[in-house]
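Here the structure is laid out as structure tokens; the discussion comes afterwards.
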Amino acid sequence: MKTSHTAAGLVLALGMGAVATTALADDVEVLHWWTSGGEAAALDVLKQDLESQGVGWQDMPVAGGGGEAAMTTLRARVTAGNAPTAVQMLGFDITDWANEGVLGNLDEVAAADNWDDVVPTALQGFAKHEGHWISAPVNVHSTNWVWINKSALDAAGGNAPTTWDELVSVLDAMKANGITPLAHGGQPWQDATVFDAVVLSMGNDFYQKSMIDLDPDALAGEQMIEVFNRMAMLRGYVDENFSGRDWNLASAMVIEGKAGMQMMGDWAKGEFLKAGQKPGEDFVCIRFPGTQGSVTFNSDQFVMFGQGEGNNEAQLKMAAAIMNPVFQSAFNVVKGSVPARTDVSDADFDDCGKKGMKDLAAANSAGSLFGSMAHGHAAPAAIKNAVYDVVTQHFNGELGSEEAAEELANSIEALR
Ligand code: BGC
């Protein structure tokens, strides 16, 4: 039986034992962490698309970049027997929930639209569990980007840095010009996002060994010590108020020209666009120096929690809508990410988006596409959190570089 938005439908739903906050059958209650200006603009594209198809939207935002707070809320909701219908989720968190056996099944819509053929293999690794589709990927983000204020770059000599040494020269020039060279928010996931890029800049093999294989020698070795030395150098270019700052406020510092650059995933582009800025004119997007040709990715996917037989009509509609190629283009143009399908044209994307799509395809064929540690695509949450702890303690000066590398290896080893 299908309930409706009418009072009678509500009474019926409640009579059937549903909790008052549970979405009606033709609504979806969506738990997500898209609360910044750029994120909200992208979310609106999704909301409107669903509403045009008769799927109502109950919003369950949980602020906090990277989604840690959202995942804590989710755990509490599921424990209370009141799971939201659809949840924004990253990588290994999807696998963890699938292992608990509480997710719905999207095979029907996946088969109708051939998801097997169009969703990149790296994403299918998370979106499918034991051969069944359990989530709908809405995008592919990548974390090894730098967003630079164009006038600040011009004033610093005009050349975008391609190596670590060039990066340091540009940061020094920005400092000499009286602005904060590096806009950063001191929150563990943001520290870890920069760390992703610095690790990758030491080479593909090193990223693979340390972040994916979790090899103790790579985690504690000379290259990791150098990574931490570089993190300490970057710490020298942030302003004194960096602690706890939200990532979008760091983006705003670059947008306003108060800071020179931000090292952040391409959701940052959403903030620049929302502020009316244009790539190439107002800001410049480059891969973190030394990581050209390689990509650390994360993909936001919408996971559907099991609603019981016959109650998943809205979820299936939502999943189908998310995977529609026209929607994938419209949404990702605003979000800063690139489509989660290989058959979407780049025609509507700006230069950074076009570059993002090209880089992703090239890295995929060259074997230089890696899951982001900071954003849950390299290792499960327990290991990710151990990385956050060490990286943040080191960034805040509580650990030296050698100690940090050793602590990283030890804490990860203890979890394996
Ligand atoms: C998500 C993005 C989001 C960013 C900041 C990342 O983990 O994948 O969609 O914009 O966090 O909130």
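Numbering starts fresh at 1 for the residues of each chain in the structure tokens, the chains themselves are lettered A, B, ... in the order given, and ligands are numbered from 1 as they appear.
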
- Task: Please give me, as number ranges by chain, the residues lying within 7 Å of ligand 1 when counting only C-alpha atoms and all ligand atoms.
- Result: A: 33-34, 39, 64-67, 90, 141, 267, 298-300, 375

- Based on DSSP run over this structure's backbone, return all residues of region 54-302 of chain A in strand (DSSP E), as an NGL selection string. :A and (56-61 or 86-90 or 128-129 or 132-133 or 135-137 or 141-142 or 145-149 or 180-182 or 259-263 or 283-287 or 295-298 or 300-302)

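By chain and then residue number, the residues within 9 Å of Gln301 (chain A) are Val87, Gln88, Met89, Leu90, Gly91, Ile94, Phe126, Ala127, Ser135, Ala136, Pro137, Val138, Asn139, Ser299 and Val303 of chain A, counting only C-alpha atoms and disregarding those fewer than 2 positions away in sequence.
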
- Item | Close residues, Ala83 (chain A) itself excluded, 9 Å, only C-alpha atoms, min 4 positions apart in chain, as a PyMOL selection string | chain A and resi 22+74-79+305-307

Take the selection from the previous step and output its residues with N, CA and C atoms, as an mmCIF file, in the first residue's frame.
data_model
loop_
_atom_site.group_PDB
_atom_site.id
_atom_site.type_symbol
_atom_site.label_atom_id
_atom_site.label_comp_id
_atom_site.auth_asym_id
_atom_site.auth_seq_id
_atom_site.Cartn_x
_atom_site.Cartn_y
_atom_site.Cartn_z
ATOM 1 N N THR A 22 9.798 9.509 10.377
ATOM 2 C CA THR A 22 10.108 8.642 9.243
ATOM 3 C C THR A 22 9.471 9.208 7.969
ATOM 4 N N LEU A 74 24.220 9.339 12.058
ATOM 5 C CA LEU A 74 23.650 8.164 11.394
ATOM 6 C C LEU A 74 23.655 6.961 12.334
ATOM 7 N N ARG A 75 24.789 6.746 12.989
ATOM 8 C CA ARG A 75 24.903 5.597 13.902
ATOM 9 C C ARG A 75 23.807 5.688 14.981
ATOM 10 N N ALA A 76 23.611 6.888 15.514
ATOM 11 C CA ALA A 76 22.594 7.060 16.565
ATOM 12 C C ALA A 76 21.190 6.770 16.011
ATOM 13 N N ARG A 77 20.926 7.239 14.805
ATOM 14 C CA ARG A 77 19.592 7.016 14.203
ATOM 15 C C ARG A 77 19.338 5.528 13.965
ATOM 16 N N VAL A 78 20.341 4.846 13.443
ATOM 17 C CA VAL A 78 20.156 3.418 13.142
ATOM 18 C C VAL A 78 19.996 2.635 14.444
ATOM 19 N N THR A 79 20.791 2.992 15.447
ATOM 20 C CA THR A 79 20.698 2.317 16.751
ATOM 21 C C THR A 79 19.308 2.506 17.352
ATOM 22 N N PHE A 305 18.913 2.883 3.070
ATOM 23 C CA PHE A 305 18.729 1.935 4.173
ATOM 24 C C PHE A 305 17.447 1.143 3.949
ATOM 25 N N GLY A 306 17.495 -0.148 4.230
ATOM 26 C CA GLY A 306 16.359 -1.049 3.984
ATOM 27 C C GLY A 306 15.095 -0.530 4.645
ATOM 28 N N GLN A 307 14.015 -0.460 3.857
ATOM 29 C CA GLN A 307 12.740 0.062 4.378
ATOM 30 C C GLN A 307 11.673 -1.025 4.462
#

- Message: Which residues are near Thr291 (chain A)? Cut-off 8 Å, only C-alpha atoms, ignore same chain within fewer than 4 positions. Put them as number ranges by chain.
- Response: A: 144, 197, 200-201, 203, 287, 295

- Item | CA of Thr296 (chain A) to CA of Ala362 (chain A), straight-line distance in Å |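 Distance between the two atoms: 12.6 Å.
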
- Please identify all polymer residues within 10 Å of Val284 (chain A), counting only C-alpha atoms, omitting same-chain residues fewer than 4 positions from it, and present them as number ranges by chain. A: 146-151, 153, 160, 261, 269, 278-280, 351-352

- Query: Do you know which residues are at most 10 Å from Glu226 (chain A) counting only C-alpha atoms, after dropping those on the same chain fewer than 5 positions away, and could you put them as a ChimeraX atom specification?
  - Reply: /A:198-199,202,221,231-232,401-402,405

Could you make a table, as JSON lines, of the residues of region 79-187 of chain A that have an atom within 10 Å of an atom of region 319-341 of chain A, each with its nearest atom pair and distance in Å to one decimal, counting only C-alpha atoms, in chain and number order?
{"residue": "A:Ala86", "atom": "CA", "partner": "A:Ala319", "partner_atom": "CA", "distance": 9.3}
{"residue": "A:Leu106", "atom": "CA", "partner": "A:Ala319", "partner_atom": "CA", "distance": 7.5}
{"residue": "A:Glu108", "atom": "CA", "partner": "A:Ala320", "partner_atom": "CA", "distance": 9.7}
{"residue": "A:Val109", "atom": "CA", "partner": "A:Ala320", "partner_atom": "CA", "distance": 6.1}
{"residue": "A:Ala110", "atom": "CA", "partner": "A:Ala320", "partner_atom": "CA", "distance": 7.8}
{"residue": "A:Ala112", "atom": "CA", "partner": "A:Ala320", "partner_atom": "CA", "distance": 9.1}
{"residue": "A:Asp113", "atom": "CA", "partner": "A:Ala320", "partner_atom": "CA", "distance": 8.0}
{"residue": "A:Trp115", "atom": "CA", "partner": "A:Met323", "partner_atom": "CA", "distance": 8.2}
{"residue": "A:Asp117", "atom": "CA", "partner": "A:Arg341", "partner_atom": "CA", "distance": 8.9}
{"residue": "A:Val118", "atom": "CA", "partner": "A:Arg341", "partner_atom": "CA", "distance": 5.2}
{"residue": "A:Val119", "atom": "CA", "partner": "A:Arg341", "partner_atom": "CA", "distance": 4.7}
{"residue": "A:Pro120", "atom": "CA", "partner": "A:Arg341", "partner_atom": "CA", "distance": 6.5}
{"residue": "A:Leu123", "atom": "CA", "partner": "A:Ala340", "partner_atom": "CA", "distance": 7.8}
{"residue": "A:Gln124", "atom": "CA", "partner": "A:Ala340", "partner_atom": "CA", "distance": 10.0}
{"residue": "A:Ile134", "atom": "CA", "partner": "A:Ala319", "partner_atom": "CA", "distance": 9.9}
{"residue": "A:Ser135", "atom": "CA", "partner": "A:Ala319", "partner_atom": "CA", "distance": 7.7}
{"residue": "A:Ala136", "atom": "CA", "partner": "A:Ala319", "partner_atom": "CA", "distance": 5.6}
{"residue": "A:Pro137", "atom": "CA", "partner": "A:Ala340", "partner_atom": "CA", "distance": 6.0}
{"residue": "A:Val138", "atom": "CA", "partner": "A:Ala340", "partner_atom": "CA", "distance": 5.9}
{"residue": "A:Asn139", "atom": "CA", "partner": "A:Ala340", "partner_atom": "CA", "distance": 4.6}
{"residue": "A:Val140", "atom": "CA", "partner": "A:Val338", "partner_atom": "CA", "distance": 5.2}
{"residue": "A:His141", "atom": "CA", "partner": "A:Ser337", "partner_atom": "CA", "distance": 4.7}
{"residue": "A:Ser142", "atom": "CA", "partner": "A:Ser337", "partner_atom": "CA", "distance": 7.6}

Go ahead and save the residues from that selection, with C-alpha atoms, as a CSV table (one decimal), in the first residue's frame.
chain,number,residue,atom,x,y,z
A,86,ALA,CA,19.0,7.9,2.0
A,106,LEU,CA,19.3,-1.2,-6.0
A,108,GLU,CA,16.5,-3.3,-10.3
A,109,VAL,CA,17.3,0.3,-11.3
A,110,ALA,CA,21.0,-0.5,-11.8
A,112,ALA,CA,17.6,-1.0,-16.2
A,113,ASP,CA,20.2,1.7,-16.7
A,115,TRP,CA,25.2,0.8,-14.3
A,117,ASP,CA,28.8,-0.6,-17.9
A,118,VAL,CA,29.0,3.1,-17.1
A,119,VAL,CA,30.1,3.5,-13.5
A,120,PRO,CA,33.9,3.5,-13.2
A,123,LEU,CA,33.5,3.3,-7.7
A,124,GLN,CA,31.8,0.0,-8.2
A,134,ILE,CA,23.7,-0.9,-2.7
A,135,SER,CA,24.4,2.8,-3.5
A,136,ALA,CA,24.1,5.4,-6.2
A,137,PRO,CA,27.3,7.4,-6.8
A,138,VAL,CA,26.5,11.0,-7.5
A,139,ASN,CA,30.0,12.3,-8.2
A,140,VAL,CA,33.8,11.8,-8.2
A,141,HIS,CA,35.8,14.4,-6.2
A,142,SER,CA,39.5,14.5,-6.0

- Task: Could you give me the residues within region 95-159 of chain A that DSSP places in alpha helix (DSSP H), as a PyMOL selection string?
- Result: chain A and resi 95-99+107-112+115-118+121-127+150-155

- Taking into account only C-alpha atoms, which residue in the set A:Ala192, A:Ile255, A:Met318, A:Ile286 is nearest to Asn385 (chain A)?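 Ranking A:Ala192, A:Ile255, A:Met318, A:Ile286 by distance to Asn385 (chain A), first place goes to A:Ala192.
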
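The shortest atom-to-atom distance to Trp145 (chain A), with only C-alpha atoms taken into account, belongs to A:Met263 out of A:Ala361, A:Met263, A:Leu214, A:Ala379.
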
- Counting only C-alpha atoms, which of A:Leu369, A:Val387, A:Ala275, A:Leu415 gets nearest to Ala41 (chain A)? A:Ala275

- Nearest to Thr162 (chain A) among A:Tyr237, A:Tyr388, A:Phe288, A:Phe302, with distances taken over only C-alpha atoms: which residue is it?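 Closest to Thr162 (chain A) of all the choices is A:Phe288.
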
- Atom pair CA of Pro188 (chain A) / CA of Thr95 (chain A): separation (Å): 22.6 Å
